[in-house]
Structure formats: C-alpha cells, structure tokens
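J.: Would you mind keeping the following structure in view while I ask a few things?
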Amino acid sequence: MLDPREIRENSSFIEKGLGRRGLKVDLTSLRNHSKRLKELENQRTKLQAEGNSIGKEVGVKIRTGCEPSSDEVMLLKNKGNQIKTEVSLIEEEERTLAKSIKDQILHYPNIPYSDCPDGKGEIDNIQIRTWGTPLKGEGYKEHWQIAEELCLLDTERSVRIAKSRFVTLLNHGAKLERSLINFMLDVHTAKGYTEILPPVLVNTASLEGSGQLPKFAEESFRCSEDNLWLTPTAEVPLTSLHRNEIIPFESLPIKYVAYTPCFRREAGSYGKDTRGLIRLHQFNKVELYWFVDPANSKEAYKQITADAESILQYLELPYRVMELCTGDLGFSASSTHDLEVWLPGANSYREISSCSICDDFQARRSSIRTRKGKKTQLVHTLNASGLAIGRTMAAILENGQQSDGSVKIPEALVPYFGQAFIKAEQS
RNA sequence: GGAGAGGUGGCUGAGUGGUUGAAAGCGGCUCCCUGCUAAGGAGUUACAGGAGGCAACUCUUGUCGAGGGUUCGAAUCCCUCCCUCUCCGCCA
C-alpha cells in the first residue's frame, strides 16, 4: 500500500511513479479527500476532548453531593448530548471518506525504483546477465513430448479428475517432482533459511496484505462457503505469518523457505502453453521470503536473487537474468529480477523464478513493523521463487534429453532422485 | 454436526457504569546495593493518530476480539458478527 501521508504531501511523486507503470492517475481528488479526512479527525478530537472533560465534571459534581437532576448537572448533560450529536455527524462523514480513500489506495500498485528501466511490457525488459551455455539446434524435443514418451505425466486423465490445465504426475515424474522439492528445501535451509509449511487456504485479509486483493480476485480460486482462497503463491501465507506484528529488531532478517502447491485461475490465458507443465491451475513451488531492516533491503535483494540462482546452477541449467521494466512489474514490487531458464526444445528462455523487492508496500498493507530504538518502523519484504518446480522439471527434461530418448538427471539431484537417468523401459 | 465456556497490556490474570490505559504476579529494561548473595532494593515497561518544541519531551484523541447501541460518562449494560477453547459425535 502506498503511504497515505505521501499521497497528501507529495502526490506528484506518486503520480509520476505510477505513470512510469503506464497508469495515468490524477491524485488531486484523493489528496483533497485525504486532507479533508485529517481536518475532520482534528475537529472530532477537539470535540471529544471537550466531551470527556464534561463527563468528568459531571462525575465529580455527583460524587461531591450534587443532585443528578439539579439544573447545574442537567446543563452539563445537555452540553454533552449536543457534542455527541456533532461528533456522530463528523464520524459519519469520516467513515464514508475513509472507506473510499482506502478502496482507492488499495488499488494502486507499488512505485518502481528510480533505476527501474522504463517500458511498456515484456519486450522492454533488460537482460542483465546469463549463466551457462544454452543448447541450440534442431531436433530437441519439448518437455511435454519427452514426458509423454517416458510416461511421466497424464494430462488426459487429469481432465477426468479435475479439468484442463491440471496434471497428474506418474511414476518417475512424481518422484522427480518430489526430489526437486526436497533438494531445493535442503539447499536453502543449509544457507540459513527456516523451513515453513503453511496453510494453503488463506483468508481475504492475507491476500489483501500481500497485494493479490482487491485487484486480482479473478486470478485466485475461492471457497465461497468458508470465505477462504486457495493460495496463488506461498508469498501470501508467509507475509501473513507476521501480519499485525512488531518483529524484534534483533530477529531481522527473517528468512523463510516454504514449499507449497500454488493455485491460479489463469483467467485470460486460454490457448497459451496448453501442453505440459508450464501453465497449470495447480503447481508446486518453493518460495523464498525475507523480512528485513529497511536499511539492508537492497543488499538482501541481491542475496535472495543469488540464492534462487544457485538452484539453477546446481542443476546445471542455463539461464538469464532479466530486469523487469516498469510496465511488466508485478503489483507489489518496486523492482523485480526474473530468472529465465533455457528450454532447448522450445528454443527459448522461460521464466522460472521471479525475485522481487517490495519495500514497505506489503508491510504497510499487513502492518508488519520492527522497533528501532523507540520508534516502530515498517519492515521491508522480499520474495523469490526458489524455484517453480514444474518448470524446473520441464527444464531438466529438455536440457537432459539424450539421443536414445532417455533423460540425464543433473548430478546434484541424483542423490535425491536415486538414479542418473530416466529411461523409457523403466517407466 | 450437537452441547458448553471464553476473548483484557509481552505472558498469567483481576476488574459489572465515574481520575481504570487498566490491580497483582511473571517477564523485559534502567539504576542502586554487593556479606540475607544460585540474592536484595528503587523506578520503569502497549499501539496508533493529531498539536506544540531543532531535541529530551509535553498536551490531546482513539484502542480491553470487531462493529453498532444505551448513557453526561462503558473494559464494565444491550444487540450483531468474528474468533478461540473444552466435551460428545464424525473423520484423514
């Protein structure tokens, strides 16, 4: 959430920032409403102070022997009633005003960093580095073809179970998925991350707190009977793990790693990536999440990105790092580095991790603070996929494919997977 | 699903209409003592908003699950909602 005070006092900065995302926003009326709200608050506070002192006066008079029905007391009571009426009128105006202000602010995304490249969309993202040597050439199969040949998944029967865009992993496919989850969790916990296994049904406040609501309701699955949602990413429960908390300063940074299934409705993506493991309603992900002292967040951003990259390096998967332009930035992020893995079958790079710094945007929405000296201060939050499991499997299948139809498993994963190759006859 | 209990400060737990933002204890912090010593003493210890002082700070409003209501005045009375716990039933 943007800072309401900043909107009152520095609205042109906010307008420019949102403008860089391609949003034409005029904050004049919001700013005026916000100022008006402050005025009303001040007025009400003064009246309440007056009312309180009258109340005390009445109490003192009655205790010192005044008749409750004496003129003296009645006069004060009337005054009190009068104030009460005035206060309730002000409160009513405040309520409507505050609600409309909050509704608007919650719809505004985070302000991009000044060094975030300007741009309209994906094509304006900037490649900042690459790792590994991409396999290029004719004859590489796409992962879904390999998976079908090796009987690692069943798409058609998944429609029977659920609907399209769901997948059932079979045999070595299921085991590969599981071994990837374990491998990633082990790598990250060895680096000092605390492992978390959170609920994947989350309430509305949690989604609002991390920025998925109110704007992206159509992207999440909802259990309307219970007013809960299926989490679209572990970022949501992990943010809410400390919602409405003041985290002791010495506990920072807090570094969590969580494996969760993730659920997305993928509204509007009909026809895209219809085969295989790339775009599903349900997929597995290992997520990294940091709560940090704002003074250290830039450094943390580098580190969390490096931690996500390390998985790709262990798995010997070539990738590039893209800096997202302002037009492609997610709602809560100030800056994002996407990791894109090379898929030789698809002959393209494909997003496999998104590493974002959100500054105090989520912390303000979720009220997560720390105490520095006497003052409380919002923390900064960061998140990174470390990694999306299904896409990692796709990358392993495509990069490890052999001319005999088998797939070579990256060495680092062999202890988890139990064998160095997946071969057709085994499946 | 049935029956009941309850939501108060970092924690335990008092508090049924008037200096109660809240007793007491624990914990935390600061200082003192150092022959009651695997101790003792004194003080302090919520959050948010606003006004004023460069500042330590002062004043003020709101908050005792949330929202309404009654009242000059509510943690305390009334209503609605949410949540938690216990027992029974069912169940991975």
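Letters A, B, ... go to the chains of the structure tokens in the order shown; residues in each chain start at 1; ligands are counted from 1 in the same order.
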Using only C-alpha atoms (C1' of nucleotides), select each residue of chain A with any atom at most 8 Å away from an atom of chain B, and give the selection as a compact mmCIF listing (two decimals) with N, CA and C atoms, in the first residue's frame.

T.:
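What follows is the written file part_7.txt:
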```txt
# COMPACT_ATOMS: atom_id res chain seq x y z
N GLU A 41 -10.80 14.67 11.42
CA GLU A 41 -10.22 13.99 12.58
C GLU A 41 -9.86 15.01 13.67
N ASN A 42 -9.24 16.10 13.24
CA ASN A 42 -8.85 17.12 14.20
C ASN A 42 -10.06 17.74 14.89
N THR A 45 -11.50 15.24 17.33
CA THR A 45 -10.66 15.10 18.51
C THR A 45 -10.91 16.21 19.53
N LYS A 46 -11.03 17.43 19.02
CA LYS A 46 -11.28 18.56 19.93
C LYS A 46 -12.62 18.42 20.64
N GLN A 48 -14.23 15.69 21.19
CA GLN A 48 -14.19 14.57 22.12
C GLN A 48 -13.50 14.96 23.42
N ALA A 49 -12.44 15.77 23.30
CA ALA A 49 -11.74 16.23 24.49
C ALA A 49 -12.70 17.02 25.37
N ASN A 52 -15.18 14.66 27.01
CA ASN A 52 -14.56 13.92 28.11
C ASN A 52 -14.49 14.77 29.37
N ILE A 54 -16.38 17.24 30.18
CA ILE A 54 -17.74 17.41 30.74
C ILE A 54 -18.15 16.17 31.53
N GLY A 55 -17.86 15.02 30.94
CA GLY A 55 -18.18 13.77 31.61
C GLY A 55 -17.53 13.70 32.99
N LYS A 56 -16.26 14.10 33.04
CA LYS A 56 -15.54 14.06 34.32
C LYS A 56 -16.16 15.03 35.31
N VAL A 58 -19.23 16.10 35.47
CA VAL A 58 -20.48 15.55 35.99
C VAL A 58 -20.20 14.55 37.09
N GLY A 59 -19.24 13.69 36.84
CA GLY A 59 -18.87 12.66 37.82
C GLY A 59 -18.46 13.31 39.14
N VAL A 60 -17.62 14.32 39.06
CA VAL A 60 -17.13 14.98 40.26
C VAL A 60 -18.29 15.64 41.02
N LEU A 76 -24.95 20.55 32.07
CA LEU A 76 -23.77 19.85 31.55
C LEU A 76 -24.17 18.64 30.69
N LYS A 77 -25.20 17.94 31.16
CA LYS A 77 -25.64 16.77 30.39
C LYS A 77 -26.11 17.18 29.00
N ASN A 78 -26.85 18.28 28.95
CA ASN A 78 -27.32 18.75 27.65
C ASN A 78 -26.15 19.08 26.73
N LYS A 79 -25.17 19.75 27.32
CA LYS A 79 -23.99 20.10 26.55
C LYS A 79 -23.34 18.83 26.00
N GLY A 80 -23.25 17.83 26.86
CA GLY A 80 -22.67 16.55 26.47
C GLY A 80 -23.44 15.92 25.31
N ASN A 81 -24.75 15.98 25.40
CA ASN A 81 -25.56 15.42 24.32
C ASN A 81 -25.35 16.15 23.00
```

J.: What residues in region 79-176 of chain A get the DSSP label strand (DSSP E)? Please answer as a short mmCIF file (atom, residue, chain, number, x, y, z; two decimals) with all heavy atoms, in the first residue's frame.

T.:
```cif
data_model
loop_
_atom_site.label_atom_id
_atom_site.label_comp_id
_atom_site.auth_asym_id
_atom_site.auth_seq_id
_atom_site.Cartn_x
_atom_site.Cartn_y
_atom_site.Cartn_z
N ILE A 126 15.19 -5.90 -19.56
CA ILE A 126 16.61 -5.83 -19.91
C ILE A 126 17.35 -7.05 -19.38
O ILE A 126 17.24 -7.40 -18.19
CB ILE A 126 17.23 -4.55 -19.32
CG1 ILE A 126 16.62 -3.34 -20.03
CG2 ILE A 126 18.74 -4.57 -19.47
CD1 ILE A 126 16.99 -2.03 -19.41
N GLN A 127 18.11 -7.67 -20.27
CA GLN A 127 18.92 -8.81 -19.85
C GLN A 127 20.14 -8.29 -19.12
O GLN A 127 20.89 -7.50 -19.66
CB GLN A 127 19.33 -9.62 -21.07
CG GLN A 127 20.25 -10.79 -20.74
CD GLN A 127 20.58 -11.62 -21.96
OE1 GLN A 127 19.72 -11.98 -22.74
NE2 GLN A 127 21.86 -11.90 -22.14
N ILE A 128 20.34 -8.71 -17.88
CA ILE A 128 21.50 -8.18 -17.15
C ILE A 128 22.63 -9.18 -17.00
O ILE A 128 23.77 -8.78 -16.81
CB ILE A 128 21.12 -7.57 -15.79
CG1 ILE A 128 20.29 -8.53 -14.94
CG2 ILE A 128 20.34 -6.28 -15.98
CD1 ILE A 128 19.92 -7.93 -13.59
N ARG A 129 22.35 -10.46 -17.12
CA ARG A 129 23.45 -11.42 -17.19
C ARG A 129 22.92 -12.78 -17.61
O ARG A 129 21.72 -13.04 -17.55
CB ARG A 129 24.21 -11.54 -15.86
CG ARG A 129 23.37 -12.02 -14.70
CD ARG A 129 24.22 -12.14 -13.41
NE ARG A 129 23.37 -12.42 -12.28
CZ ARG A 129 22.77 -11.51 -11.55
NH1 ARG A 129 22.92 -10.22 -11.84
NH2 ARG A 129 22.00 -11.84 -10.53
N THR A 130 23.84 -13.65 -18.06
CA THR A 130 23.45 -15.00 -18.42
C THR A 130 24.40 -15.96 -17.69
O THR A 130 25.47 -15.57 -17.24
CB THR A 130 23.58 -15.28 -19.92
OG1 THR A 130 24.95 -15.12 -20.29
CG2 THR A 130 22.73 -14.31 -20.73
N TRP A 131 23.96 -17.20 -17.59
CA TRP A 131 24.80 -18.23 -16.95
C TRP A 131 24.64 -19.50 -17.76
O TRP A 131 23.52 -19.90 -18.11
CB TRP A 131 24.36 -18.43 -15.51
CG TRP A 131 25.26 -19.38 -14.73
CD1 TRP A 131 26.34 -19.06 -13.96
CD2 TRP A 131 25.13 -20.81 -14.67
NE1 TRP A 131 26.90 -20.17 -13.43
CE2 TRP A 131 26.19 -21.27 -13.84
CE3 TRP A 131 24.26 -21.73 -15.24
CZ2 TRP A 131 26.38 -22.62 -13.56
CZ3 TRP A 131 24.45 -23.09 -14.96
CH2 TRP A 131 25.50 -23.51 -14.11
N LEU A 153 3.75 -38.20 -17.05
CA LEU A 153 2.54 -37.46 -16.66
C LEU A 153 1.35 -37.89 -17.49
O LEU A 153 1.50 -38.52 -18.54
CB LEU A 153 2.75 -35.94 -16.80
CG LEU A 153 3.22 -35.38 -18.14
CD1 LEU A 153 2.07 -35.28 -19.13
CD2 LEU A 153 3.83 -34.00 -17.91
N ASP A 154 0.18 -37.58 -17.00
CA ASP A 154 -1.06 -37.91 -17.71
C ASP A 154 -1.96 -36.69 -17.68
O ASP A 154 -2.49 -36.31 -16.64
CB ASP A 154 -1.75 -39.10 -17.02
CG ASP A 154 -2.91 -39.62 -17.87
OD1 ASP A 154 -3.58 -38.80 -18.53
OD2 ASP A 154 -3.13 -40.85 -17.87
N THR A 168 -1.44 -34.83 -13.76
CA THR A 168 -1.13 -35.90 -12.81
C THR A 168 0.24 -36.43 -13.15
O THR A 168 0.50 -36.80 -14.30
CB THR A 168 -2.15 -37.04 -12.94
OG1 THR A 168 -3.47 -36.50 -12.76
CG2 THR A 168 -1.91 -38.11 -11.89
N LEU A 169 1.13 -36.43 -12.19
CA LEU A 169 2.47 -36.96 -12.43
C LEU A 169 2.47 -38.44 -12.10
O LEU A 169 1.83 -38.87 -11.13
CB LEU A 169 3.50 -36.22 -11.58
CG LEU A 169 3.64 -34.73 -11.92
CD1 LEU A 169 4.57 -34.05 -10.93
CD2 LEU A 169 4.15 -34.55 -13.35
#
```

J.: Find the residues around G69 (chain B) up to 12 Å (only C-alpha atoms (C1' of nucleotides) counted), leave out those fewer than 6 positions away in its own chain, and share them as a list in words.

T.: C77, C78, C79 and U80 of chain B

J.: So what do you get for CA of Ala306 (chain A) versus CA of Gly119 (chain A), distance-wise?

T.: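 One can read the CA of Ala306 (chain A) to CA of Gly119 (chain A) distance as 24.8 Å.
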
J.: Could you check how far CA of Ala190 (chain A) sits from CA of Val414 (chain A), in Å to one decimal?

T.: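 Computing it gives 18.1 Å between the two atoms.
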
J.: Need to verify the contact set: G41 (chain B), 12 Å, only C-alpha atoms (C1' of nucleotides), exclusion of same-chain residues closer than 4 positions in sequence. Can you return it as an mmCIF file with all heavy atoms, in the first residue's frame?

T.:
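Once everything was written out, this is selection22.cif:
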```cif
data_model
loop_
_atom_site.group_PDB
_atom_site.id
_atom_site.type_symbol
_atom_site.label_atom_id
_atom_site.label_comp_id
_atom_site.auth_asym_id
_atom_site.auth_seq_id
_atom_site.Cartn_x
_atom_site.Cartn_y
_atom_site.Cartn_z
ATOM 1 P P C B 31 22.048 1.439 33.698
ATOM 2 O OP1 C B 31 23.182 2.197 33.129
ATOM 3 O OP2 C B 31 22.067 -0.044 33.683
ATOM 4 O "O5'" C B 31 21.816 1.913 35.201
ATOM 5 C "C5'" C B 31 21.810 3.304 35.520
ATOM 6 C "C4'" C B 31 21.189 3.522 36.873
ATOM 7 O "O4'" C B 31 19.890 2.886 36.927
ATOM 8 C "C3'" C B 31 21.924 2.910 38.054
ATOM 9 O "O3'" C B 31 23.055 3.671 38.453
ATOM 10 C "C2'" C B 31 20.820 2.901 39.111
ATOM 11 O "O2'" C B 31 20.601 4.190 39.652
ATOM 12 C "C1'" C B 31 19.612 2.493 38.262
ATOM 13 N N1 C B 31 19.383 1.033 38.319
ATOM 14 C C2 C B 31 18.764 0.496 39.455
ATOM 15 O O2 C B 31 18.430 1.258 40.364
ATOM 16 N N3 C B 31 18.551 -0.833 39.542
ATOM 17 C C4 C B 31 18.925 -1.626 38.529
ATOM 18 N N4 C B 31 18.697 -2.925 38.658
ATOM 19 C C5 C B 31 19.563 -1.108 37.364
ATOM 20 C C6 C B 31 19.769 0.209 37.291
ATOM 21 P P C B 32 24.258 2.926 39.236
ATOM 22 O OP1 C B 32 25.327 3.937 39.430
ATOM 23 O OP2 C B 32 24.551 1.650 38.541
ATOM 24 O "O5'" C B 32 23.614 2.591 40.656
ATOM 25 C "C5'" C B 32 23.297 3.635 41.571
ATOM 26 C "C4'" C B 32 22.647 3.058 42.801
ATOM 27 O "O4'" C B 32 21.473 2.295 42.426
ATOM 28 C "C3'" C B 32 23.482 2.054 43.577
ATOM 29 O "O3'" C B 32 24.435 2.683 44.405
ATOM 30 C "C2'" C B 32 22.407 1.326 44.377
ATOM 31 O "O2'" C B 32 21.990 2.067 45.499
ATOM 32 C "C1'" C B 32 21.269 1.240 43.357
ATOM 33 N N1 C B 32 21.239 -0.049 42.647
ATOM 34 C C2 C B 32 20.726 -1.162 43.312
ATOM 35 O O2 C B 32 20.324 -1.027 44.479
ATOM 36 N N3 C B 32 20.689 -2.360 42.673
ATOM 37 C C4 C B 32 21.129 -2.454 41.426
ATOM 38 N N4 C B 32 21.060 -3.657 40.846
ATOM 39 C C5 C B 32 21.658 -1.335 40.720
ATOM 40 C C6 C B 32 21.694 -0.159 41.362
ATOM 41 P P C B 33 25.796 1.901 44.739
ATOM 42 O OP1 C B 33 26.611 2.805 45.581
ATOM 43 O OP2 C B 33 26.358 1.353 43.470
ATOM 44 O "O5'" C B 33 25.315 0.703 45.637
ATOM 45 C "C5'" C B 33 24.868 0.933 46.975
ATOM 46 C "C4'" C B 33 24.377 -0.366 47.577
ATOM 47 O "O4'" C B 33 23.328 -0.908 46.746
ATOM 48 C "C3'" C B 33 25.404 -1.486 47.651
ATOM 49 O "O3'" C B 33 26.228 -1.366 48.802
ATOM 50 C "C2'" C B 33 24.515 -2.721 47.718
ATOM 51 O "O2'" C B 33 23.997 -2.940 49.015
ATOM 52 C "C1'" C B 33 23.369 -2.332 46.777
ATOM 53 N N1 C B 33 23.563 -2.826 45.391
ATOM 54 C C2 C B 33 23.270 -4.162 45.113
ATOM 55 O O2 C B 33 22.867 -4.884 46.028
ATOM 56 N N3 C B 33 23.449 -4.623 43.851
ATOM 57 C C4 C B 33 23.886 -3.809 42.899
ATOM 58 N N4 C B 33 24.035 -4.298 41.668
ATOM 59 C C5 C B 33 24.189 -2.441 43.153
ATOM 60 C C6 C B 33 24.020 -1.995 44.400
ATOM 61 P P U B 34 27.789 -1.571 48.681
ATOM 62 O OP1 U B 34 28.391 -1.137 49.962
ATOM 63 O OP2 U B 34 28.234 -0.967 47.405
ATOM 64 O "O5'" U B 34 27.939 -3.145 48.542
ATOM 65 C "C5'" U B 34 27.585 -4.033 49.625
ATOM 66 C "C4'" U B 34 27.540 -5.449 49.081
ATOM 67 O "O4'" U B 34 26.686 -5.409 47.908
ATOM 68 C "C3'" U B 34 28.887 -5.954 48.563
ATOM 69 O "O3'" U B 34 29.593 -6.757 49.465
ATOM 70 C "C2'" U B 34 28.563 -6.762 47.309
ATOM 71 O "O2'" U B 34 28.535 -8.152 47.502
ATOM 72 C "C1'" U B 34 27.156 -6.300 46.940
ATOM 73 N N1 U B 34 27.157 -5.625 45.625
ATOM 74 C C2 U B 34 26.844 -6.422 44.523
ATOM 75 O O2 U B 34 26.589 -7.614 44.637
ATOM 76 N N3 U B 34 26.869 -5.762 43.332
ATOM 77 C C4 U B 34 27.147 -4.424 43.110
ATOM 78 O O4 U B 34 27.121 -3.978 41.963
ATOM 79 C C5 U B 34 27.454 -3.670 44.303
ATOM 80 C C6 U B 34 27.456 -4.296 45.480
#
```

J.: Fewer than 2 positions away in the same chain doesn't count, so skip those; otherwise give me all residues within 8 Å of Ile246 (chain A), counting only C-alpha atoms (C1' of nucleotides), as JSON, numbers by chain.

T.: {"A": [244, 248, 368, 369, 370, 371, 376]}

J.: For those residues, write N, CA, C and O atoms to a file as a short mmCIF file (atom, residue, chain, number, x, y, z; two decimals), in the first residue's frame.

T.:
```cif
data_model
loop_
_atom_site.label_atom_id
_atom_site.label_comp_id
_atom_site.auth_asym_id
_atom_site.auth_seq_id
_atom_site.Cartn_x
_atom_site.Cartn_y
_atom_site.Cartn_z
N ASN A 244 0.32 -7.87 11.41
CA ASN A 244 -0.01 -7.21 12.68
C ASN A 244 0.98 -7.54 13.79
O ASN A 244 0.59 -7.74 14.93
N PRO A 248 10.91 -8.16 16.74
CA PRO A 248 12.08 -7.62 17.44
C PRO A 248 13.22 -7.36 16.45
O PRO A 248 13.48 -8.19 15.58
N ILE A 368 3.36 -4.83 9.37
CA ILE A 368 4.47 -5.60 9.92
C ILE A 368 5.61 -4.63 10.18
O ILE A 368 6.13 -4.01 9.26
N ARG A 369 5.95 -4.49 11.45
CA ARG A 369 6.93 -3.48 11.82
C ARG A 369 8.05 -4.07 12.65
O ARG A 369 7.99 -5.21 13.09
N THR A 370 9.05 -3.25 12.86
CA THR A 370 10.08 -3.60 13.81
C THR A 370 10.29 -2.36 14.66
O THR A 370 9.77 -1.29 14.37
N ARG A 371 11.04 -2.53 15.74
CA ARG A 371 11.27 -1.40 16.62
C ARG A 371 12.74 -1.03 16.61
O ARG A 371 13.60 -1.83 16.94
N THR A 376 8.73 2.66 16.08
CA THR A 376 8.46 1.50 15.25
C THR A 376 8.58 1.92 13.80
O THR A 376 8.39 3.10 13.46
#
```

J.: Work out how far C1' of G7 (chain B) is from C1' of G65 (chain B), in Å to one decimal.

T.: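 Between C1' of G65 (chain B) and C1' of G7 (chain B) the gap is 5.9 Å.
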
J.: What's the 10 Å shell around His33 (chain A), counting only C-alpha atoms (C1' of nucleotides), without same-chain residues fewer than 2 positions away, as an MDAnalysis selection string?

T.: chainID A and resid 8 27:31 35:39 94 97:98 100:101

J.: Keeping only all heavy atoms, write the selected residues as a compact mmCIF listing (two decimals), in the first residue's frame.

T.:
```txt
# COMPACT_ATOMS: atom_id res chain seq x y z
N ARG A 8 -0.81 12.67 0.51
CA ARG A 8 -1.23 14.03 0.89
C ARG A 8 -0.15 15.05 0.58
O ARG A 8 -0.42 16.15 0.11
CB ARG A 8 -1.52 14.09 2.40
CG ARG A 8 -2.89 13.62 2.80
CD ARG A 8 -3.29 14.17 4.17
NE ARG A 8 -2.34 13.80 5.22
CZ ARG A 8 -2.34 12.63 5.83
NH1 ARG A 8 -3.21 11.72 5.50
NH2 ARG A 8 -1.46 12.36 6.78
N LEU A 27 -4.24 12.30 -8.75
CA LEU A 27 -4.48 12.11 -7.33
C LEU A 27 -5.12 13.32 -6.66
O LEU A 27 -5.27 13.35 -5.44
CB LEU A 27 -3.17 11.77 -6.62
CG LEU A 27 -2.55 10.41 -6.95
CD1 LEU A 27 -1.22 10.26 -6.27
CD2 LEU A 27 -3.48 9.28 -6.54
N THR A 28 -5.47 14.33 -7.46
CA THR A 28 -5.98 15.57 -6.86
C THR A 28 -7.14 15.32 -5.90
O THR A 28 -7.12 15.76 -4.76
CB THR A 28 -6.45 16.54 -7.95
OG1 THR A 28 -5.43 16.59 -8.95
CG2 THR A 28 -6.67 17.92 -7.37
N SER A 29 -8.12 14.54 -6.37
CA SER A 29 -9.29 14.37 -5.52
C SER A 29 -8.96 13.48 -4.33
O SER A 29 -9.41 13.73 -3.21
CB SER A 29 -10.47 13.83 -6.33
OG SER A 29 -10.51 12.43 -6.28
N LEU A 30 -8.14 12.48 -4.57
CA LEU A 30 -7.74 11.62 -3.45
C LEU A 30 -6.99 12.43 -2.40
O LEU A 30 -7.21 12.28 -1.19
CB LEU A 30 -6.87 10.47 -3.95
CG LEU A 30 -6.41 9.46 -2.89
CD1 LEU A 30 -7.60 8.80 -2.21
CD2 LEU A 30 -5.52 8.39 -3.50
N ARG A 31 -6.12 13.30 -2.87
CA ARG A 31 -5.35 14.12 -1.95
C ARG A 31 -6.27 15.05 -1.16
O ARG A 31 -6.14 15.19 0.05
CB ARG A 31 -4.31 14.94 -2.72
CG ARG A 31 -3.31 15.64 -1.83
CD ARG A 31 -2.38 16.51 -2.64
NE ARG A 31 -3.11 17.53 -3.36
CZ ARG A 31 -2.83 17.93 -4.60
NH1 ARG A 31 -1.83 17.38 -5.26
NH2 ARG A 31 -3.54 18.86 -5.17
N LYS A 35 -6.89 15.08 2.84
CA LYS A 35 -6.71 16.28 3.67
C LYS A 35 -7.99 16.58 4.45
O LYS A 35 -7.94 16.93 5.63
CB LYS A 35 -6.34 17.48 2.81
CG LYS A 35 -4.89 17.47 2.36
CD LYS A 35 -4.56 18.69 1.54
CE LYS A 35 -3.07 18.69 1.18
NZ LYS A 35 -2.76 19.67 0.13
N ARG A 36 -9.10 16.44 3.76
CA ARG A 36 -10.40 16.68 4.40
C ARG A 36 -10.57 15.71 5.58
O ARG A 36 -11.06 16.10 6.64
CB ARG A 36 -11.51 16.48 3.37
CG ARG A 36 -12.92 16.47 3.90
CD ARG A 36 -13.38 17.85 4.33
NE ARG A 36 -14.73 17.82 4.90
CZ ARG A 36 -15.15 18.64 5.84
NH1 ARG A 36 -14.34 19.57 6.33
NH2 ARG A 36 -16.38 18.55 6.30
N LEU A 37 -10.15 14.47 5.38
CA LEU A 37 -10.27 13.48 6.44
C LEU A 37 -9.46 13.90 7.67
O LEU A 37 -9.92 13.78 8.80
CB LEU A 37 -9.80 12.11 5.93
CG LEU A 37 -9.95 10.94 6.91
CD1 LEU A 37 -11.40 10.72 7.28
CD2 LEU A 37 -9.35 9.67 6.33
N LYS A 38 -8.27 14.41 7.43
CA LYS A 38 -7.43 14.88 8.53
C LYS A 38 -8.12 16.02 9.28
O LYS A 38 -8.12 16.06 10.51
CB LYS A 38 -6.08 15.37 8.00
CG LYS A 38 -5.05 14.27 7.89
CD LYS A 38 -4.47 13.94 9.25
CE LYS A 38 -3.89 12.54 9.24
NZ LYS A 38 -4.71 11.50 9.85
N GLU A 39 -8.71 16.95 8.52
CA GLU A 39 -9.43 18.07 9.15
C GLU A 39 -10.53 17.55 10.07
O GLU A 39 -10.67 17.99 11.21
CB GLU A 39 -10.09 18.94 8.09
CG GLU A 39 -9.20 20.00 7.47
CD GLU A 39 -9.90 20.64 6.26
OE1 GLU A 39 -11.15 20.75 6.30
OE2 GLU A 39 -9.20 20.99 5.31
N GLU A 94 -16.54 10.94 8.14
CA GLU A 94 -15.22 10.30 8.18
C GLU A 94 -15.27 8.88 7.64
O GLU A 94 -14.40 8.47 6.87
CB GLU A 94 -14.70 10.24 9.62
CG GLU A 94 -13.97 11.46 10.09
CD GLU A 94 -13.41 11.24 11.49
OE1 GLU A 94 -12.36 10.58 11.60
OE2 GLU A 94 -14.04 11.68 12.47
N LEU A 97 -15.67 8.76 3.87
CA LEU A 97 -14.46 9.28 3.26
C LEU A 97 -13.31 8.28 3.39
O LEU A 97 -12.62 7.95 2.42
CB LEU A 97 -14.10 10.60 3.96
CG LEU A 97 -13.32 11.64 3.18
CD1 LEU A 97 -13.98 11.90 1.83
CD2 LEU A 97 -13.26 12.94 3.99
N ALA A 98 -13.11 7.76 4.60
CA ALA A 98 -12.01 6.84 4.86
C ALA A 98 -12.14 5.59 4.01
O ALA A 98 -11.16 5.07 3.48
CB ALA A 98 -11.96 6.47 6.34
N SER A 100 -13.67 5.25 1.08
CA SER A 100 -13.40 5.47 -0.34
C SER A 100 -11.91 5.71 -0.56
O SER A 100 -11.34 5.28 -1.56
CB SER A 100 -14.25 6.62 -0.88
OG SER A 100 -13.56 7.84 -0.78
N ILE A 101 -11.25 6.36 0.40
CA ILE A 101 -9.81 6.57 0.28
C ILE A 101 -9.08 5.23 0.28
O ILE A 101 -8.24 4.95 -0.57
CB ILE A 101 -9.29 7.46 1.42
CG1 ILE A 101 -9.78 8.89 1.22
CG2 ILE A 101 -7.77 7.43 1.48
CD1 ILE A 101 -9.53 9.79 2.40
```

J.: Write down as a PyMOL selection string the residues of region 165-392 of chain A whose backbone DSSP state falls under alpha helix (DSSP H).

T.: chain A and resi 171-190+204-210+235-240+297-314+361-366+389-392

J.: Quick one: residues within 12 Å of Glu309 (chain A), only C-alpha atoms (C1' of nucleotides) counted, chain neighbours fewer than 3 positions away excluded, as a PyMOL selection string?

T.: chain A and resi 129-132+184+187-188+288+302-306+312-321+337-341+352-355+384-387

J.: Which one of A:Arg5, A:Arg165, A:Arg21, A:Lys191 sits closest to Ser310 (chain A) if you count only C-alpha atoms?

T.: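 That would be A:Lys191, the residue with the smallest distance to Ser310 (chain A).
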